[in-house]
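Novice: Enclosed is the structure file structure_20.pdb (PDB, C-alpha atoms, pLDDT in the B column).
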ATOM      1  CA  MET A   1      13.940-129.542-107.577  1.00 56.00           C
ATOM      2  CA  ASP A   2      17.320-128.391-106.352  1.00 62.00           C
ATOM      3  CA  PRO A   3      17.544-124.798-105.002  1.00 65.00           C
ATOM      4  CA  ILE A   4      21.326-124.825-105.449  1.00 72.00           C
ATOM      5  CA  HIS A   5      21.062-125.568-109.180  1.00 72.00           C
ATOM      6  CA  GLN A   6      20.413-121.888-109.921  1.00 72.00           C
ATOM      7  CA  PHE A   7      23.897-121.009-108.617  1.00 79.00           C
ATOM      8  CA  GLU A   8      25.742-123.532-110.784  1.00 84.00           C
ATOM      9  CA  ILE A   9      28.547-122.133-112.950  1.00 85.00           C
ATOM     10  CA  LYS A  10      28.264-123.560-116.464  1.00 87.00           C
ATOM     11  CA  LYS A  11      30.885-123.553-119.181  1.00 87.00           C
ATOM     12  CA  LEU A  12      29.638-121.894-122.369  1.00 85.00           C
ATOM     13  CA  PHE A  13      32.681-122.367-124.585  1.00 85.00           C
ATOM     14  CA  PRO A  14      36.436-122.961-124.119  1.00 83.00           C
ATOM     15  CA  ILE A  15      38.917-120.132-124.586  1.00 83.00           C
ATOM     16  CA  ALA A  16      42.350-121.662-124.058  1.00 82.00           C
ATOM     17  CA  ARG A  17      44.195-124.462-122.313  1.00 81.00           C
ATOM     18  CA  ILE A  18      47.278-123.819-120.196  1.00 80.00           C
ATOM     19  CA  GLY A  19      48.978-127.050-119.192  1.00 76.00           C
ATOM     20  CA  GLY A  20      46.209-129.304-117.940  1.00 76.00           C
ATOM     21  CA  MET A  21      43.909-126.424-117.037  1.00 82.00           C
ATOM     22  CA  GLU A  22      41.153-125.247-119.350  1.00 82.00           C
ATOM     23  CA  ILE A  23      40.127-121.597-119.397  1.00 85.00           C
ATOM     24  CA  ALA A  24      36.483-121.289-120.407  1.00 85.00           C
ATOM     25  CA  PHE A  25      33.891-118.563-120.834  1.00 88.00           C
ATOM     26  CA  THR A  26      31.148-119.258-118.276  1.00 90.00           C
ATOM     27  CA  ASN A  27      27.687-117.983-117.501  1.00 90.00           C
ATOM     28  CA  SER A  28      29.238-116.026-114.622  1.00 90.00           C
ATOM     29  CA  ALA A  29      31.592-114.248-117.022  1.00 91.00           C
ATOM     30  CA  LEU A  30      28.699-113.610-119.408  1.00 93.00           C
ATOM     31  CA  PHE A  31      26.588-111.836-116.815  1.00 93.00           C
ATOM     32  CA  MET A  32      29.581-109.871-115.528  1.00 94.00           C
ATOM     33  CA  LEU A  33      30.101-108.701-119.105  1.00 94.00           C
ATOM     34  CA  ILE A  34      26.404-107.845-119.429  1.00 94.00           C
ATOM     35  CA  GLY A  35      26.567-105.884-116.184  1.00 93.00           C
ATOM     36  CA  LEU A  36      29.627-103.997-117.376  1.00 93.00           C
ATOM     37  CA  LEU A  37      27.943-103.104-120.665  1.00 93.00           C
ATOM     38  CA  LEU A  38      24.813-101.875-118.853  1.00 92.00           C
ATOM     39  CA  ILE A  39      26.937 -99.662-116.608  1.00 91.00           C
ATOM     40  CA  LEU A  40      28.794 -98.248-119.607  1.00 90.00           C
ATOM     41  CA  LEU A  41      25.538 -97.563-121.432  1.00 87.00           C
ATOM     42  CA  LEU A  42      24.109 -95.827-118.381  1.00 84.00           C
ATOM     43  CA  MET A  43      27.129 -93.705-117.486  1.00 83.00           C
ATOM     44  CA  LEU A  44      28.261 -92.813-121.009  1.00 82.00           C
ATOM     45  CA  GLY A  45      24.880 -92.638-122.725  1.00 73.00           C
ATOM     46  CA  ALA A  46      23.105 -90.808-119.914  1.00 69.00           C
ATOM     47  CA  THR A  47      25.794 -88.163-119.477  1.00 69.00           C
ATOM     48  CA  SER A  48      26.769 -87.594-123.094  1.00 69.00           C
ATOM     49  CA  SER A  49      24.267 -84.734-123.553  1.00 66.00           C
ATOM     50  CA  ARG A  50      24.969 -83.120-120.150  1.00 66.00           C
ATOM     51  CA  ALA A  51      21.593 -81.426-120.303  1.00 63.00           C
ATOM     52  CA  LEU A  52      20.848 -78.608-117.875  1.00 64.00           C
ATOM     53  CA  VAL A  53      17.522 -80.277-117.161  1.00 65.00           C
ATOM     54  CA  PRO A  54      18.481 -83.962-116.880  1.00 66.00           C
ATOM     55  CA  GLY A  55      16.360 -86.733-118.271  1.00 69.00           C
ATOM     56  CA  ARG A  56      15.614 -89.966-116.447  1.00 75.00           C
ATOM     57  CA  LEU A  57      18.832 -91.772-117.296  1.00 75.00           C
ATOM     58  CA  GLN A  58      20.969 -88.721-116.596  1.00 78.00           C
ATOM     59  CA  SER A  59      19.174 -88.279-113.270  1.00 80.00           C
ATOM     60  CA  VAL A  60      19.938 -91.892-112.324  1.00 81.00           C
ATOM     61  CA  ALA A  61      23.602 -91.402-113.233  1.00 82.00           C
ATOM     62  CA  GLU A  62      23.866 -88.140-111.290  1.00 83.00           C
ATOM     63  CA  ILE A  63      22.064 -89.542-108.240  1.00 88.00           C
ATOM     64  CA  SER A  64      24.384 -92.567-108.229  1.00 88.00           C
ATOM     65  CA  TYR A  65      27.420 -90.307-108.499  1.00 88.00           C
ATOM     66  CA  GLU A  66      26.335 -87.995-105.690  1.00 90.00           C
ATOM     67  CA  PHE A  67      25.268 -90.887-103.467  1.00 91.00           C
ATOM     68  CA  VAL A  68      28.672 -92.571-103.630  1.00 91.00           C
ATOM     69  CA  ALA A  69      30.537 -89.249-103.397  1.00 92.00           C
ATOM     70  CA  THR A  70      28.602 -88.273-100.268  1.00 91.00           C
ATOM     71  CA  THR A  71      29.215 -91.684 -98.698  1.00 89.00           C
ATOM     72  CA  LEU A  72      32.934 -91.491 -99.430  1.00 90.00           C
ATOM     73  CA  ARG A  73      33.302 -87.935 -98.102  1.00 89.00           C
ATOM     74  CA  SER A  74      31.433 -88.727 -94.895  1.00 88.00           C
ATOM     75  CA  THR A  75      33.522 -91.816 -94.129  1.00 86.00           C
ATOM     76  CA  ALA A  76      36.953 -91.125 -95.664  1.00 82.00           C
ATOM     77  CA  GLY A  77      37.000 -87.313 -95.794  1.00 81.00           C
ATOM     78  CA  THR A  78      37.869 -85.124 -98.754  1.00 84.00           C
ATOM     79  CA  GLU A  79      41.254 -86.854 -99.133  1.00 83.00           C
ATOM     80  CA  GLY A  80      39.426 -90.094 -99.716  1.00 83.00           C
ATOM     81  CA  MET A  81      37.888 -88.735-102.918  1.00 88.00           C
ATOM     82  CA  LYS A  82      41.021 -89.825-104.770  1.00 89.00           C
ATOM     83  CA  PHE A  83      39.576 -93.336-104.422  1.00 91.00           C
ATOM     84  CA  PHE A  84      36.215 -92.327-105.861  1.00 92.00           C
ATOM     85  CA  PRO A  85      36.719 -94.197-109.179  1.00 92.00           C
ATOM     86  CA  LEU A  86      37.379 -97.443-107.300  1.00 92.00           C
ATOM     87  CA  VAL A  87      34.522 -97.065-104.807  1.00 93.00           C
ATOM     88  CA  PHE A  88      32.032 -95.911-107.445  1.00 94.00           C
ATOM     89  CA  SER A  89      32.983 -98.805-109.736  1.00 93.00           C
ATOM     90  CA  LEU A  90      32.476-101.285-106.903  1.00 93.00           C
ATOM     91  CA  PHE A  91      29.072 -99.814-106.062  1.00 94.00           C
ATOM     92  CA  MET A  92      27.756 -99.846-109.622  1.00 93.00           C
ATOM     93  CA  PHE A  93      29.213-103.277-110.388  1.00 94.00           C
ATOM     94  CA  ILE A  94      27.687-104.921-107.316  1.00 94.00           C
ATOM     95  CA  LEU A  95      24.378-103.080-107.612  1.00 93.00           C
ATOM     96  CA  VAL A  96      23.831-103.956-111.275  1.00 93.00           C
ATOM     97  CA  LEU A  97      24.836-107.604-110.802  1.00 93.00           C
ATOM     98  CA  ASN A  98      22.571-107.917-107.751  1.00 91.00           C
ATOM     99  CA  VAL A  99      19.586-106.514-109.629  1.00 91.00           C
ATOM    100  CA  ILE A 100      20.265-108.648-112.709  1.00 91.00           C
ATOM    101  CA  GLY A 101      20.357-111.735-110.506  1.00 87.00           C
ATOM    102  CA  ILE A 102      16.803-111.115-109.311  1.00 85.00           C
ATOM    103  CA  ILE A 103      15.414-111.418-112.848  1.00 83.00           C
ATOM    104  CA  PRO A 104      14.134-114.969-113.517  1.00 77.00           C
ATOM    105  CA  TYR A 105      16.370-117.240-115.638  1.00 82.00           C
ATOM    106  CA  THR A 106      19.425-115.061-115.101  1.00 87.00           C
ATOM    107  CA  PHE A 107      22.530-115.771-113.022  1.00 89.00           C
ATOM    108  CA  THR A 108      23.473-114.124-109.735  1.00 88.00           C
ATOM    109  CA  VAL A 109      27.208-113.451-109.979  1.00 91.00           C
ATOM    110  CA  THR A 110      27.463-112.149-106.415  1.00 91.00           C
ATOM    111  CA  SER A 111      26.071-115.440-105.074  1.00 88.00           C
ATOM    112  CA  HIS A 112      29.555-116.937-105.476  1.00 89.00           C
ATOM    113  CA  ILE A 113      32.055-116.428-102.694  1.00 90.00           C
ATOM    114  CA  ILE A 114      34.984-116.317-105.139  1.00 91.00           C
ATOM    115  CA  ILE A 115      33.563-113.130-106.677  1.00 92.00           C
ATOM    116  CA  THR A 116      32.832-111.365-103.397  1.00 93.00           C
ATOM    117  CA  VAL A 117      36.202-112.423-101.932  1.00 93.00           C
ATOM    118  CA  SER A 118      37.982-111.023-104.993  1.00 93.00           C
ATOM    119  CA  LEU A 119      36.238-107.668-104.563  1.00 94.00           C
ATOM    120  CA  ALA A 120      36.922-107.642-100.811  1.00 93.00           C
ATOM    121  CA  LEU A 121      40.617-108.485-101.338  1.00 94.00           C
ATOM    122  CA  LEU A 122      40.877-105.677-103.883  1.00 94.00           C
ATOM    123  CA  VAL A 123      39.794-103.229-101.171  1.00 93.00           C
ATOM    124  CA  PHE A 124      41.929-104.956 -98.525  1.00 93.00           C
ATOM    125  CA  PHE A 125      45.182-104.755-100.494  1.00 93.00           C
ATOM    126  CA  THR A 126      44.379-101.215-101.614  1.00 92.00           C
ATOM    127  CA  VAL A 127      44.130-100.244 -97.944  1.00 90.00           C
ATOM    128  CA  ILE A 128      47.428-101.958 -97.074  1.00 90.00           C
ATOM    129  CA  ILE A 129      49.406-100.576-100.036  1.00 90.00           C
ATOM    130  CA  TYR A 130      48.080 -97.034 -99.681  1.00 89.00           C
ATOM    131  CA  GLY A 131      48.396 -97.186 -95.896  1.00 86.00           C
ATOM    132  CA  PHE A 132      52.118 -97.953 -96.052  1.00 87.00           C
ATOM    133  CA  TRP A 133      52.662 -95.528 -98.936  1.00 88.00           C
ATOM    134  CA  LYS A 134      51.043 -92.654 -97.032  1.00 84.00           C
ATOM    135  CA  ASN A 135      52.066 -93.421 -93.447  1.00 81.00           C
ATOM    136  CA  GLY A 136      55.114 -95.639 -93.741  1.00 83.00           C
ATOM    137  CA  LEU A 137      55.743 -97.674 -90.597  1.00 82.00           C
ATOM    138  CA  ARG A 138      53.304 -95.396 -88.751  1.00 82.00           C
ATOM    139  CA  PHE A 139      50.607 -97.501 -90.402  1.00 83.00           C
ATOM    140  CA  PHE A 140      51.198-100.030 -87.603  1.00 82.00           C
ATOM    141  CA  LYS A 141      49.788 -97.463 -85.164  1.00 82.00           C
ATOM    142  CA  LEU A 142      46.421 -98.563 -86.495  1.00 81.00           C
ATOM    143  CA  PHE A 143      46.814-101.659 -84.323  1.00 83.00           C
ATOM    144  CA  VAL A 144      48.023 -99.802 -81.201  1.00 81.00           C
ATOM    145  CA  PRO A 145      45.252 -97.591 -79.810  1.00 77.00           C
ATOM    146  CA  SER A 146      46.476 -94.723 -77.667  1.00 77.00           C
ATOM    147  CA  GLY A 147      45.817 -94.598 -73.920  1.00 78.00           C
ATOM    148  CA  ILE A 148      45.809 -98.383 -73.446  1.00 80.00           C
ATOM    149  CA  PRO A 149      47.475 -99.644 -70.232  1.00 82.00           C
ATOM    150  CA  ILE A 150      50.687-101.520 -70.976  1.00 84.00           C
ATOM    151  CA  TYR A 151      49.558-104.719 -69.231  1.00 82.00           C
ATOM    152  CA  ILE A 152      46.681-105.300 -71.660  1.00 88.00           C
ATOM    153  CA  LEU A 153      48.351-103.769 -74.721  1.00 85.00           C
ATOM    154  CA  PRO A 154      49.484-107.150 -76.196  1.00 87.00           C
ATOM    155  CA  LEU A 155      45.919-108.451 -76.000  1.00 89.00           C
ATOM    156  CA  ILE A 156      44.500-105.303 -77.621  1.00 86.00           C
ATOM    157  CA  VAL A 157      47.097-105.430 -80.411  1.00 87.00           C
ATOM    158  CA  PHE A 158      46.269-109.094 -81.045  1.00 90.00           C
ATOM    159  CA  ILE A 159      42.546-108.289 -81.240  1.00 90.00           C
ATOM    160  CA  GLU A 160      43.154-105.333 -83.577  1.00 86.00           C
ATOM    161  CA  VAL A 161      45.356-107.394 -85.914  1.00 89.00           C
ATOM    162  CA  LEU A 162      42.846-110.256 -85.932  1.00 91.00           C
ATOM    163  CA  SER A 163      40.038-107.818 -86.625  1.00 88.00           C
ATOM    164  CA  PHE A 164      41.976-106.247 -89.493  1.00 88.00           C
ATOM    165  CA  LEU A 165      42.807-109.611 -91.095  1.00 88.00           C
ATOM    166  CA  SER A 166      39.208-110.806 -90.795  1.00 89.00           C
ATOM    167  CA  ARG A 167      37.804-107.841 -92.689  1.00 88.00           C
ATOM    168  CA  PRO A 168      37.936-109.478 -96.136  1.00 89.00           C
ATOM    169  CA  ILE A 169      36.026-112.464 -94.710  1.00 89.00           C
ATOM    170  CA  SER A 170      33.194-110.438 -93.186  1.00 87.00           C
ATOM    171  CA  HIS A 171      33.243-108.042 -96.131  1.00 87.00           C
ATOM    172  CA  SER A 172      32.732-110.836 -98.667  1.00 89.00           C
ATOM    173  CA  VAL A 173      30.560-113.302 -96.733  1.00 90.00           C
ATOM    174  CA  ARG A 174      27.936-110.659 -95.914  1.00 88.00           C
ATOM    175  CA  LEU A 175      27.223-109.980 -99.598  1.00 88.00           C
ATOM    176  CA  PHE A 176      27.480-113.623-100.687  1.00 88.00           C
ATOM    177  CA  ALA A 177      25.261-114.994 -97.902  1.00 87.00           C
ATOM    178  CA  ASN A 178      22.493-112.426 -98.333  1.00 86.00           C
ATOM    179  CA  MET A 179      22.194-113.022-102.069  1.00 86.00           C
ATOM    180  CA  VAL A 180      22.172-116.813-101.728  1.00 86.00           C
ATOM    181  CA  ALA A 181      19.667-116.850 -98.851  1.00 82.00           C
ATOM    182  CA  GLY A 182      17.185-114.555-100.605  1.00 78.00           C
ATOM    183  CA  HIS A 183      17.200-116.572-103.807  1.00 78.00           C
ATOM    184  CA  ILE A 184      16.712-119.872-101.975  1.00 81.00           C
ATOM    185  CA  VAL A 185      13.710-118.481-100.046  1.00 77.00           C
ATOM    186  CA  ILE A 186      12.097-117.275-103.284  1.00 74.00           C
ATOM    187  CA  PHE A 187      12.744-120.690-104.861  1.00 74.00           C
ATOM    188  CA  PHE A 188      10.985-122.591-102.078  1.00 74.00           C
ATOM    189  CA  LEU A 189       8.021-120.231-101.970  1.00 69.00           C
ATOM    190  CA  ILE A 190       7.477-120.575-105.707  1.00 69.00           C
ATOM    191  CA  ALA A 191       7.961-124.355-105.452  1.00 69.00           C
ATOM    192  CA  LEU A 192       4.947-124.470-103.114  1.00 67.00           C
ATOM    193  CA  THR A 193       2.720-123.561-106.056  1.00 64.00           C
ATOM    194  CA  VAL A 194       3.783-126.802-107.755  1.00 62.00           C
ATOM    195  CA  LEU A 195       4.114-129.213-104.844  1.00 65.00           C
ATOM    196  CA  ILE A 196       1.053-128.255-102.785  1.00 62.00           C
ATOM    197  CA  SER A 197      -2.636-127.825-103.482  1.00 57.00           C
ATOM    198  CA  PRO A 198      -3.587-125.156-106.049  1.00 60.00           C
ATOM    199  CA  PHE A 199      -5.523-123.400-103.286  1.00 62.00           C
ATOM    200  CA  VAL A 200      -2.200-122.557-101.649  1.00 62.00           C
ATOM    201  CA  ALA A 201      -0.780-121.127-104.877  1.00 63.00           C
ATOM    202  CA  PRO A 202      -2.156-117.561-104.492  1.00 71.00           C
ATOM    203  CA  VAL A 203      -0.790-117.306-100.956  1.00 69.00           C
ATOM    204  CA  SER A 204       2.567-118.748-102.027  1.00 65.00           C
ATOM    205  CA  VAL A 205       2.826-116.395-105.004  1.00 69.00           C
ATOM    206  CA  ALA A 206       1.946-113.434-102.782  1.00 73.00           C
ATOM    207  CA  PHE A 207       4.678-114.403-100.342  1.00 70.00           C
ATOM    208  CA  ALA A 208       7.111-114.917-103.239  1.00 67.00           C
ATOM    209  CA  LEU A 209       6.342-111.446-104.602  1.00 76.00           C
ATOM    210  CA  GLY A 210       6.860-109.985-101.144  1.00 75.00           C
ATOM    211  CA  ILE A 211      10.200-111.759-100.806  1.00 73.00           C
ATOM    212  CA  PHE A 212      11.073-110.612-104.337  1.00 76.00           C
ATOM    213  CA  MET A 213      10.555-106.976-103.336  1.00 81.00           C
ATOM    214  CA  LEU A 214      12.521-107.599-100.163  1.00 80.00           C
ATOM    215  CA  GLU A 215      15.302-109.163-102.240  1.00 80.00           C
ATOM    216  CA  LEU A 216      15.375-106.064-104.436  1.00 85.00           C
ATOM    217  CA  PHE A 217      15.753-103.958-101.303  1.00 87.00           C
ATOM    218  CA  VAL A 218      18.497-106.290-100.048  1.00 85.00           C
ATOM    219  CA  ALA A 219      20.292-105.975-103.404  1.00 88.00           C
ATOM    220  CA  LEU A 220      20.380-102.191-103.000  1.00 90.00           C
ATOM    221  CA  VAL A 221      21.331-102.333 -99.314  1.00 90.00           C
ATOM    222  CA  GLN A 222      24.137-104.852 -99.829  1.00 90.00           C
ATOM    223  CA  ALA A 223      25.670-102.740-102.603  1.00 91.00           C
ATOM    224  CA  TYR A 224      25.549 -99.762-100.249  1.00 92.00           C
ATOM    225  CA  VAL A 225      26.966-101.688 -97.273  1.00 92.00           C
ATOM    226  CA  PHE A 226      29.863-103.057 -99.331  1.00 92.00           C
ATOM    227  CA  THR A 227      30.582 -99.556-100.624  1.00 92.00           C
ATOM    228  CA  MET A 228      30.274 -97.923 -97.204  1.00 91.00           C
ATOM    229  CA  LEU A 229      32.618-100.452 -95.589  1.00 91.00           C
ATOM    230  CA  SER A 230      35.116-100.018 -98.434  1.00 90.00           C
ATOM    231  CA  ALA A 231      35.066 -96.250 -97.917  1.00 90.00           C
ATOM    232  CA  LEU A 232      35.399 -96.727 -94.154  1.00 88.00           C
ATOM    233  CA  PHE A 233      38.428 -99.007 -94.502  1.00 88.00           C
ATOM    234  CA  ILE A 234      40.059 -96.575 -96.939  1.00 86.00           C
ATOM    235  CA  GLY A 235      39.330 -93.672 -94.589  1.00 83.00           C
ATOM    236  CA  MET A 236      41.192 -95.400 -91.760  1.00 80.00           C
ATOM    237  CA  THR A 237      44.410 -95.178 -93.802  1.00 77.00           C
ATOM    238  CA  GLN A 238      44.186 -91.385 -93.953  1.00 69.00           C
ATOM    239  CA  HIS A 239      45.058 -91.085 -90.263  1.00 62.00           C
ATOM    240  CA  ALA A 240      46.522 -94.350 -89.039  1.00 57.00           C
ATOM    241  CA  HIS A 241      46.752 -93.062 -85.493  1.00 55.00           C
TER
END
Mind converting the file's structure to structure tokens?

Specialist:
Amino acid sequence: MDPIHQFEIKKLFPIARIGGMEIAFTNSALFMLIGLLLILLLMLGATSSRALVPGRLQSVAEISYEFVATTLRSTAGTEGMKFFPLVFSLFMFILVLNVIGIIPYTFTVTSHIIITVSLALLVFFTVIIYGFWKNGLRFFKLFVPSGIPIYILPLIVFIEVLSFLSRPISHSVRLFANMVAGHIVIFFLIALTVLISPFVAPVSVAFALGIFMLELFVALVQAYVFTMLSALFIGMTQHAH
């Protein structure tokens, strides 16, 4: 019984071949597509009626919208709302994929570092491009805090630059590591029902259910943390000084 087997990317069918490299449709791509379709069904289907008294789906869509909008305003200000489509898309995409991954016999897309790094780099390069577009060379003031004595300024600048460049790493690893760790813990707890005495099974299942609920909470929290950090990084470009 291999706990890593559940994270294996499997080729479903080939799409094309470029040179010696094969492009294939994988289980990861399948569940990303499923997540995208679920988001479209929720956002388009739930808001199509625009009822004055919202139903359940419309309430979920409106709560999600207001939650992300409030987070973005509080961290990036009103000017940051121009990035609402990006931040909201990231939140819904990560949240839906995290929740899907908890369902047995599905695939956790966000358990792969290549996915979380891609999302983190999208935010990172958005910050850089918009930062230079809005502030020009003044964007470099982000790395030079005011009021710092000249004799320690080089060290502070080095630390600020290193901190800025490490953001995609911390941004992506946090989400990836939490999803992998939670799934492995659930796997081992459920495995106890098979490997140990049947008398231990009820206790093991109870622990597994508890971890499952905790994993659901972690899925929600990690989507929020990724979104909040994205909004925070974008907000720093509004006033580079």

Novice: Nearest residue to Met179 in chain A out of A:Leu72, A:Met228, A:Val221, A:Ile15, using all atoms listed in the file?

Specialist: A:Val221

Novice: Which residue, A:Gly182, A:Gly20, A:Gly35, A:Pro85, has the smallest gap to Leu209 in chain A when you use all atoms listed in the file?

Specialist: A:Gly182

Novice: Go ahead and find all residues with at least one atom no further than 10 Å from (30.6, -119.7, -113.7) in the file's coordinates, using all atoms listed in the file; report them as a compact mmCIF listing (two decimals) with C-alpha atoms, in the coordinates of the input.

Specialist:
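Contents of result_21.txt, freshly written:
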# COMPACT_ATOMS: atom_id res chain seq x y z
CA PHE A 7 23.90 -121.01 -108.62
CA GLU A 8 25.74 -123.53 -110.78
CA ILE A 9 28.55 -122.13 -112.95
CA LYS A 10 28.26 -123.56 -116.46
CA LYS A 11 30.88 -123.55 -119.18
CA LEU A 12 29.64 -121.89 -122.37
CA ALA A 24 36.48 -121.29 -120.41
CA PHE A 25 33.89 -118.56 -120.83
CA THR A 26 31.15 -119.26 -118.28
CA ASN A 27 27.69 -117.98 -117.50
CA SER A 28 29.24 -116.03 -114.62
CA ALA A 29 31.59 -114.25 -117.02
CA LEU A 30 28.70 -113.61 -119.41
CA PHE A 31 26.59 -111.84 -116.82
CA PHE A 107 22.53 -115.77 -113.02
CA THR A 108 23.47 -114.12 -109.74
CA VAL A 109 27.21 -113.45 -109.98
CA HIS A 112 29.56 -116.94 -105.48

Novice: Could you tell me which residues the PyMOL selection byres ((chain A and resi 158-175) around 10) returns for this structure, as JSON, numbers by chain?

Specialist: {"A": [94, 98, 110, 111, 112, 113, 114, 115, 116, 117, 118, 119, 120, 121, 122, 123, 124, 125, 140, 142, 143, 144, 145, 153, 154, 155, 156, 157, 176, 177, 178, 179, 180, 218, 219, 221, 222, 223, 225, 226, 227, 229, 230, 233]}

Novice: Please provide as a ChimeraX atom specification all residues within 8 Å of Thr75 in chain A, with the sequence filter that same-chain residues fewer than 6 positions apart are discarded (counting only C-alpha atoms).

Specialist: /A:228,231-232,235

Novice: Counting all atoms listed in the file, which residue out of A:Leu214, A:Val68, A:Leu36, A:Ile100 sits closest to Val87 in chain A?

Specialist: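 With all atoms listed in the file as the atom set, the closest residue is A:Val68.
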
Novice: Considering all atoms listed in the file, state which residue in the set A:Leu97, A:Gln58, A:His5, A:Ile186 is at the smallest distance from Leu38 in chain A.

Specialist: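 That would be A:Leu97, the residue with the smallest distance to Leu38 in chain A.
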
Novice: Since I can't run it myself right now, could you work out what the PyMOL selection byres ((chain A and resi 84) around 12) selects here and report it as a PyMOL selection string?

Specialist: chain A and resi 65-73+76-83+85-92+227-228+230-231+234-235

Novice: Of the candidates A:Leu37, A:Ile103, A:Val96, A:Met32, which shows the shortest atom-to-atom distance to Gln6 in chain A, using only C-alpha atoms?

Specialist: A:Ile103

Novice: At what distance in Å, to one decimal, does CA of Asn135 in chain A lie from CA of Ile148 in chain A?

Specialist: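 Between these atoms lies a distance of 21.5 Å.
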
Novice: What gap, in Å, lies between CA of Glu62 in chain A and CA of Met43 in chain A?

Specialist: 8.9 Å

Novice: From the options A:His183, A:Arg138, A:Leu57, A:Leu44, which residue's atoms come nearest to Met213 in chain A, counting all atoms listed in the file?

Specialist: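 Closest residue, counting all atoms listed in the file: A:His183.
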
Novice: CA of Thr106 in chain A to CA of Ile34 in chain A: how many Å, to one decimal?

Specialist: 10.9 Å

Novice: Within 7 Å of (15.8, -121.9, -104.8) in the file's own coordinates, which protein, DNA or RNA residues have an atom, counting all atoms listed in the file? List them as a PyMOL selection string.

Specialist: chain A and resi 2-4+6+183-188
